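Quick notes on the structure that follows.
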2 protein chains.
Amino acid sequence: MRTIDWSDDKNCIVFVDQTKLPLARHIVECGDVDALVEAIRSLSVRGAPALGAAGAFGIALAAQTSKAKSPMDLIQELEDAAEILRNTRPTAINLSWGVDSVLRKAKTGHSITHIRELALGEAKAIADEDVEICKKIGVNGAKLLEDGDVVLTHCNAGRMACVDWGTALGVVRSAIEGGKRIKVIATETRPLNQGSRITAWELLQDNIPVTLITDSMIGHVIKSGTVDKILVGADRIVEDAVFNKIGTYTLSVMAKEHKIPFYVAAPMSTFDFKKRASDVEIEERDPQELKYFGDEQIAPLGVKVYNPAFDATPMENVTAIITERGVFYPPLSFEELKELK
Amino acid sequence: MRTIDWSDDKNCIVFVDQTKLPLARHIVECGDVDALVEAIRSLSVRGAPALGAAGAFGIALAAQTSKAKSPMDLIQELEDAAEILRNTRPTAINLSWGVDSVLRKAKTGHSITHIRELALGEAKAIADEDVEICKKIGVNGAKLLEDGDVVLTHCNAGRMACVDWGTALGVVRSAIEGGKRIKVIATETRPLNQGSRITAWELLQDNIPVTLITDSMIGHVIKSGTVDKILVGADRIVEDAVFNKIGTYTLSVMAKEHKIPFYVAAPMSTFDFKKRASDVEIEERDPQELKYFGDEQIAPLGVKVYNPAFDATPMENVTAIITERGVFYPPLSFEELKELK
């Protein structure tokens, strides 16, 4: 099953609840935009490309469930849903991109039925396309990996972060499909442990060798010479920086220090041609994420917490960006990339 | 109460069980060397200087509880206990140092009673001296901190890692005592969360401002310009490296990248004049530490885990080492330091 999809039978979104992994692979049937917003906020649905599909299906869902009596009222409702969905998580650009793509298509409809058809058709196309894009990213990136490579990755930029296949882990999958032996080192990725809970789980499912470390171990492991390449995903790429899960910037500095390549794998939809690094809002999440682990208290409740979810890696620390349209080596020409997108 | 001490009333070691913090400040009365060994292994007693005292009290305890009939048999028993204690945790040098100091003293005794007196007297002296040493480290280090400084620390090199006061956090305490306003940023310190559980707790107890972050956030926080100095403890210092909690090396690289001072605070007993970095064994701990959080499973049980407890920071990344005998700036003259010790 895809990580996120549309069920024609039940006329709703279906997705794997990622907060339950690795203990359970729980499938959620989501027939309500408010519930989808909550699922995105709680990271039941997460990962930049998967959020693109979630945003797209969210607008389709809003169209399906609307009680609007006129096309104009329906479009207004979709605009309102779009506004809520876009603001659920501010840093990942793909969410807005998915929302806006479907909204734009819906606006070309001339009846309620037609708008619904267009919205759902576009959302399904985005999801299908995401799988194709990841496969292309995989093929393009696989050329950068050599037989025997050990790849260190952070967070989860795999099948579970996309509709299927993955971006960073898609590259690993494609390399393995091409006959190369690749091993992965996965960082735990605190505070929400996407590395230990999701990356480790999804790689084990595919029998891809994976070793788990804590975020604090990256320097020691890289210095030991074990790591050949670092490969991560991205939540937003601007001309001067890559925004990705908190911890990515530190990894990029360690890669530079030890002269190993630092690759970012992401679809073209991750590029933001309008903003620069200083304009991007970094989402700060609930301090409770550092005070509790599940139900277990792990810090004094009175402590002040800083909990940014993303950081910015300056483009000069990036060896290359792997996309479905090819591999780009900074400094990037954003004018040329804009043409491609 | 001191973190670890001797109870004359109960003729046993008493210490704060650090695995229970911050939820409870549980005091353990330990009247048995095997129980002490287990407490050290499970990190109920932890922190390089505290381990020095634990080793010292351990030999005193072995002497007190021995049923040996002759001084020679007693010394043999102490030698056996020393061997077990020394091997409990291989990386921190202070444990062996405490053990050996008391053993050496005990060997000068001429009767069972005399050996017992000498061993306990020496262990108590080591504990008392540890407090004095930490205060001196504090005074020496405080000169390096300026009013208004934000200090980032890793793991726990505080009161709870020593008999009292602390090394890195002792410097902070002494600076504050001297009228400087100092704020601390504490890293969570995975996998055992000494930062969130112990450092955050002990600083809050003293009303020292502290902000908790995950290990993955260090790069982002340092790049933002918030951190004025990095200040950590040490488990073993050799001519070419400082061994400390896993994650310290990465911090030292981030300090270098962002041109902020990287200070190590430790007693002279932390110096190992015999070994070089490549000779030091790095303790690897149980993979379960990354698969479970308390009782909660946080990774697939089948995943391979690498769990080193320490790393080596090359001396060229260290701005200065703060000791009770003064502040030393690398490159160090180990010949001169040996004289001082």
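By convention in this document, the chains of the structure tokens carry letters A, B, ... by their order, each chain's residues are numbered from 1, and ligands are numbered from 1 in the order they are shown.
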
What lies within 10 Å of Lys10 (chain B) using only C-alpha atoms, ignoring chain neighbours under 5 positions off, as an NGL selection string? :B and (29-31)

How would the residues just picked look written out with all heavy atoms as an mmCIF file, in the first residue's frame?
data_model
loop_
_atom_site.group_PDB
_atom_site.id
_atom_site.type_symbol
_atom_site.label_atom_id
_atom_site.label_comp_id
_atom_site.auth_asym_id
_atom_site.auth_seq_id
_atom_site.Cartn_x
_atom_site.Cartn_y
_atom_site.Cartn_z
ATOM 1 N N GLU B 29 21.550 3.145 49.813
ATOM 2 C CA GLU B 29 22.550 2.761 50.813
ATOM 3 C C GLU B 29 23.187 1.474 50.303
ATOM 4 O O GLU B 29 22.514 0.460 50.160
ATOM 5 C CB GLU B 29 21.886 2.526 52.166
ATOM 6 C CG GLU B 29 21.296 3.817 52.725
ATOM 7 C CD GLU B 29 20.477 3.587 54.002
ATOM 8 O OE1 GLU B 29 20.320 2.415 54.418
ATOM 9 O OE2 GLU B 29 20.002 4.585 54.564
ATOM 10 N N CYS B 30 24.466 1.547 50.027
ATOM 11 C CA CYS B 30 25.119 0.437 49.343
ATOM 12 C C CYS B 30 26.193 -0.167 50.259
ATOM 13 O O CYS B 30 27.227 0.440 50.516
ATOM 14 C CB CYS B 30 25.730 0.940 48.042
ATOM 15 S SG CYS B 30 26.601 -0.322 47.130
ATOM 16 N N GLY B 31 25.940 -1.392 50.749
ATOM 17 C CA GLY B 31 26.840 -2.013 51.712
ATOM 18 C C GLY B 31 27.565 -3.216 51.136
ATOM 19 O O GLY B 31 28.059 -4.069 51.883
#

Please identify which residues in region 17-176 of chain B DSSP calls helix (DSSP H, G or I) from the backbone, and express them as a ChimeraX atom specification. /B:33-41,48-65,71-86,93-106,112-142,159-161,168-176

Would you mind listing, as JSON, numbers by chain, all residues of chain A that have at least one atom within 8 Å of chain B, where only C-alpha atoms are what counts? {"A": [22, 23, 189, 190, 191, 193, 196, 197, 200, 201, 204, 210, 211, 212, 213, 214, 215, 216, 217, 218, 219, 220, 246, 247, 248, 249, 250, 253, 254, 257, 290, 291, 293, 294, 296, 297, 298, 299, 300, 302, 303, 304, 305, 306, 307, 308, 311, 312]}

Would you save the residues of that selection, restricted to N, CA and C atoms, as a CSV table (one decimal), in the first residue's frame?
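New file out.csv:
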chain,number,residue,atom,x,y,z
A,22,PRO,N,7.3,2.0,15.0
A,22,PRO,CA,7.3,0.7,14.3
A,22,PRO,C,6.4,-0.4,15.0
A,23,LEU,N,5.6,0.0,16.0
A,23,LEU,CA,4.9,-1.0,16.8
A,23,LEU,C,3.7,-1.5,16.0
A,189,THR,N,17.2,10.8,15.1
A,189,THR,CA,16.4,12.0,14.8
A,189,THR,C,15.5,12.4,15.9
A,190,ARG,N,16.0,12.9,16.9
A,190,ARG,CA,15.3,13.5,18.0
A,190,ARG,C,14.7,14.8,17.6
A,191,PRO,N,13.6,15.3,18.2
A,191,PRO,CA,12.9,14.6,19.3
A,191,PRO,C,11.8,13.6,18.9
A,193,ASN,N,12.1,11.0,16.6
A,193,ASN,CA,12.6,9.7,16.3
A,193,ASN,C,12.1,9.1,15.0
A,196,SER,N,14.7,6.2,14.0
A,196,SER,CA,14.6,4.9,14.7
A,196,SER,C,13.3,4.3,14.4
A,197,ARG,N,12.2,5.1,14.4
A,197,ARG,CA,10.9,4.5,14.3
A,197,ARG,C,10.5,4.2,12.9
A,200,ALA,N,14.4,3.1,10.1
A,200,ALA,CA,14.9,1.7,10.4
A,200,ALA,C,13.9,0.7,10.1
A,201,TRP,N,12.6,1.0,10.4
A,201,TRP,CA,11.5,0.0,10.1
A,201,TRP,C,11.4,-0.2,8.6
A,204,LEU,N,14.3,-2.2,7.1
A,204,LEU,CA,14.3,-3.6,7.5
A,204,LEU,C,13.2,-4.3,6.7
A,210,VAL,N,20.7,-1.8,7.8
A,210,VAL,CA,20.6,-0.5,8.4
A,210,VAL,C,21.2,-0.6,9.9
A,211,THR,N,22.0,0.4,10.2
A,211,THR,CA,22.5,0.5,11.6
A,211,THR,C,22.0,1.8,12.2
A,212,LEU,N,21.4,1.7,13.4
A,212,LEU,CA,20.9,2.9,14.1
A,212,LEU,C,21.9,3.5,15.0
A,213,ILE,N,22.0,4.8,15.0
A,213,ILE,CA,22.8,5.6,15.9
A,213,ILE,C,22.0,6.7,16.5
A,214,THR,N,22.5,7.3,17.6
A,214,THR,CA,21.8,8.6,18.0
A,214,THR,C,22.4,9.7,17.2
A,215,ASP,N,21.7,10.9,17.3
A,215,ASP,CA,22.2,12.1,16.6
A,215,ASP,C,23.6,12.5,17.2
A,216,SER,N,23.8,12.2,18.4
A,216,SER,CA,25.0,12.6,19.1
A,216,SER,C,26.2,11.8,18.6
A,217,MET,N,26.0,10.7,17.8
A,217,MET,CA,27.1,9.9,17.4
A,217,MET,C,27.7,10.2,16.0
A,218,ILE,N,27.0,11.2,15.3
A,218,ILE,CA,27.4,11.4,13.9
A,218,ILE,C,28.9,11.7,13.8
A,219,GLY,N,29.4,12.6,14.6
A,219,GLY,CA,30.8,13.0,14.5
A,219,GLY,C,31.8,11.8,14.6
A,220,HIS,N,31.5,11.1,15.7
A,220,HIS,CA,32.4,9.9,16.0
A,220,HIS,C,32.3,8.9,14.8
A,246,ILE,N,15.7,19.3,11.6
A,246,ILE,CA,16.7,19.8,12.5
A,246,ILE,C,17.8,18.8,12.7
A,247,GLY,N,19.0,19.2,12.6
A,247,GLY,CA,20.2,18.3,12.7
A,247,GLY,C,20.9,18.2,11.3
A,248,THR,N,20.2,18.5,10.3
A,248,THR,CA,20.8,18.4,8.9
A,248,THR,C,22.0,19.4,8.8
A,249,TYR,N,21.9,20.6,9.3
A,249,TYR,CA,23.0,21.5,9.2
A,249,TYR,C,24.2,21.0,9.8
A,250,THR,N,24.1,20.4,11.1
A,250,THR,CA,25.3,19.9,11.8
A,250,THR,C,25.9,18.8,10.9
A,253,VAL,N,28.1,20.2,8.2
A,253,VAL,CA,29.4,20.7,8.6
A,253,VAL,C,30.3,19.5,8.9
A,254,MET,N,29.8,18.4,9.4
A,254,MET,CA,30.6,17.2,9.6
A,254,MET,C,31.1,16.6,8.3
A,257,GLU,N,33.9,18.9,7.1
A,257,GLU,CA,35.1,18.7,8.0
A,257,GLU,C,35.8,17.4,7.5
A,290,LEU,N,10.1,17.4,24.1
A,290,LEU,CA,11.4,17.1,24.8
A,290,LEU,C,11.2,16.8,26.3
A,291,LYS,N,10.0,16.9,26.8
A,291,LYS,CA,9.8,16.6,28.2
A,291,LYS,C,9.2,15.3,28.5
A,293,PHE,N,8.5,11.2,26.7
A,293,PHE,CA,8.7,10.2,25.7
A,293,PHE,C,7.5,9.3,25.8
A,294,GLY,N,6.5,9.5,24.9
A,294,GLY,CA,5.3,8.8,25.1
A,294,GLY,C,4.7,9.4,26.4
A,296,GLU,N,6.2,8.8,29.3
A,296,GLU,CA,7.2,8.9,30.3
A,296,GLU,C,7.9,10.3,30.4
A,297,GLN,N,7.9,10.9,31.5
A,297,GLN,CA,8.5,12.2,31.7
A,297,GLN,C,10.1,12.0,31.7
A,298,ILE,N,10.7,12.8,30.9
A,298,ILE,CA,12.2,12.6,30.7
A,298,ILE,C,13.0,13.9,31.1
A,299,ALA,N,12.3,14.9,31.5
A,299,ALA,CA,13.0,16.2,31.9
A,299,ALA,C,12.1,16.9,32.9
A,300,PRO,N,12.7,17.7,33.7
A,300,PRO,CA,11.9,18.4,34.7
A,300,PRO,C,10.9,19.3,34.0
A,302,GLY,N,9.6,22.0,34.6
A,302,GLY,CA,9.8,23.5,34.7
A,302,GLY,C,10.9,24.0,33.7
A,303,VAL,N,11.6,23.1,33.0
A,303,VAL,CA,12.7,23.5,32.2
A,303,VAL,C,12.2,24.2,30.9
A,304,LYS,N,12.9,25.3,30.5
A,304,LYS,CA,12.6,25.9,29.3
A,304,LYS,C,13.1,25.1,28.1
A,305,VAL,N,12.4,25.0,27.1
A,305,VAL,CA,12.7,24.1,25.9
A,305,VAL,C,12.7,25.0,24.7
A,306,TYR,N,13.7,24.7,23.8
A,306,TYR,CA,13.7,25.3,22.4
A,306,TYR,C,13.5,24.1,21.5
A,307,ASN,N,12.5,24.2,20.7
A,307,ASN,CA,12.2,23.0,19.8
A,307,ASN,C,11.9,23.3,18.4
A,308,PRO,N,13.0,23.8,17.7
A,308,PRO,CA,12.8,24.1,16.2
A,308,PRO,C,12.7,22.8,15.5
A,311,ASP,N,16.2,23.1,10.2
A,311,ASP,CA,17.3,24.1,10.2
A,311,ASP,C,17.7,24.3,8.7
A,312,ALA,N,18.5,25.3,8.5
A,312,ALA,CA,18.9,25.7,7.2
A,312,ALA,C,20.4,25.3,6.9

Excluding same-chain residues fewer than 3 positions from region 108-119 of chain A, what lies within 10 Å of it counting only C-alpha atoms, as a PyMOL selection string? chain A and resi 56-75+78+101-105+122-125

What parts of region 123-229 of chain B does DSSP call strand (DSSP E or B)? I'd like the answer as a ChimeraX atom specification. /B:150-153,158,166,183-187,210-213,229

Contact residues around region 169-177 of chain B with only C-alpha atoms at 8 Å, ignoring same-chain residues under 6 positions, as an NGL selection string: :B and (134-135 or 137-143 or 145 or 157-159 or 265)

Quick one: distance from CA of Thr323 (chain B) to CA of Gly178 (chain B) in Å, one decimal? 18.2 Å

Work out how far apart CA of Glu336 (chain A) and CA of Lys275 (chain A) are and give it in Å to one decimal.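 Distance reported for this atom pair: 16.2 Å.
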
Tell me which of A:Gln18, A:Thr3, A:Ser269, A:Thr153 sits closest to Arg236 (chain A), counting only C-alpha atoms.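 That would be A:Ser269, the residue with the smallest distance to Arg236 (chain A).
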
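Atom pair CA of Glu77 (chain B) / CA of Asp279 (chain B) has a distance of 29.1 Å (rounded to one decimal).
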
Shell of 10 Å around Phe328 (chain B), only C-alpha atoms, local chain residues under 6 positions omitted, as a list of chain:residue names: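 Near neighbours after the sequence-gap exclusion: B:Val264, B:Thr319, B:Ala320, B:Ile321, B:Ile322, B:Leu337.
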
Preceding selection exported with N, CA, C and O atoms as a PDB file, in the first residue's frame:
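Dumped everything to selection_27.pdb:
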ATOM      1  N   VAL B 264      37.175  22.554  28.196  1.00  0.00           N
ATOM      2  CA  VAL B 264      37.010  21.297  28.921  1.00  0.00           C
ATOM      3  C   VAL B 264      37.379  21.560  30.380  1.00  0.00           C
ATOM      4  O   VAL B 264      38.445  22.124  30.650  1.00  0.00           O
ATOM      5  N   THR B 319      40.020  24.636  23.052  1.00  0.00           N
ATOM      6  CA  THR B 319      40.571  25.969  23.316  1.00  0.00           C
ATOM      7  C   THR B 319      41.414  25.947  24.582  1.00  0.00           C
ATOM      8  O   THR B 319      42.526  26.479  24.611  1.00  0.00           O
ATOM      9  N   ALA B 320      40.885  25.347  25.646  1.00  0.00           N
ATOM     10  CA  ALA B 320      41.630  25.278  26.902  1.00  0.00           C
ATOM     11  C   ALA B 320      41.062  24.187  27.788  1.00  0.00           C
ATOM     12  O   ALA B 320      39.890  23.817  27.672  1.00  0.00           O
ATOM     13  N   ILE B 321      41.928  23.676  28.668  1.00  0.00           N
ATOM     14  CA  ILE B 321      41.494  22.712  29.674  1.00  0.00           C
ATOM     15  C   ILE B 321      41.600  23.390  31.031  1.00  0.00           C
ATOM     16  O   ILE B 321      42.660  23.907  31.411  1.00  0.00           O
ATOM     17  N   ILE B 322      40.474  23.424  31.730  1.00  0.00           N
ATOM     18  CA  ILE B 322      40.395  24.102  33.020  1.00  0.00           C
ATOM     19  C   ILE B 322      40.561  23.065  34.122  1.00  0.00           C
ATOM     20  O   ILE B 322      39.759  22.127  34.219  1.00  0.00           O
ATOM     21  N   LEU B 337      52.770  18.959  32.768  1.00  0.00           N
ATOM     22  CA  LEU B 337      51.533  18.610  33.463  1.00  0.00           C
ATOM     23  C   LEU B 337      51.765  17.465  34.447  1.00  0.00           C
ATOM     24  O   LEU B 337      51.222  17.449  35.547  1.00  0.00           O
TER      25      LEU B 337
END
